[in-house]
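Reviewing the structure listed below.
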Amino acid sequence: MREGAHYNFPNIHLISHYAEQIVKFGVLGQFSTDIVEAMYKGFKDAYRRSNKVNATRQIITTYTRDNTFAMKDLTISAWT
């Protein structure tokens with residue numbers, strides 16, 4: 001940081017403490033990128049299965065179909 005510079009903005013001030021907090025307490029598990037990547041896995045698979053022409057409609061259809069079958073399996077397992 002430059003001499004005489006002021007960082008009176010709350011977000012900028014918080015960022016200045018991140019490095020020391022990570023060293024002191026370690027990384028936070030809830031901010032792992034694995035969770036976000038797992039959320040997009042279904043969309044990525046649906047995109048790969050599309051023919052890339054009007055991909056949005058195909059992704060929504062595929063994702064909806066996959067989730068419908070997953071919910072149906074959960075319902076059947078709950079009944080048995």
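The way I read the labels, and the way they are meant: chains A, B, ... in the order of the structure tokens, residue 1 as the first residue of every chain, and ligand 1 as the first ligand shown, with later ones counted on from there.
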
Practice item. Write out as a VMD selection string each polymer residue whose atoms come within 12 Å of A:Tyr63, counting only C-alpha atoms; drop sequence neighbours fewer than 3 positions from it. Key: chain A and resid 39 to 50 55 to 60 66 to 70

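From atom CA of A:Ala38 back to atom CA of A:Thr80, the distance works out to 28.6 Å.
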
**Study point:** d(atom CA of A:Ala19, atom CA of A:Glu3) in Å
**Key:** 19.8 Å

Check your understanding: Per DSSP on the backbone, what are the alpha helix (DSSP H) residues of stretch 1-77 of chain A, as a ChimeraX atom specification?
Key -> /A:10-25,33-49,55-77
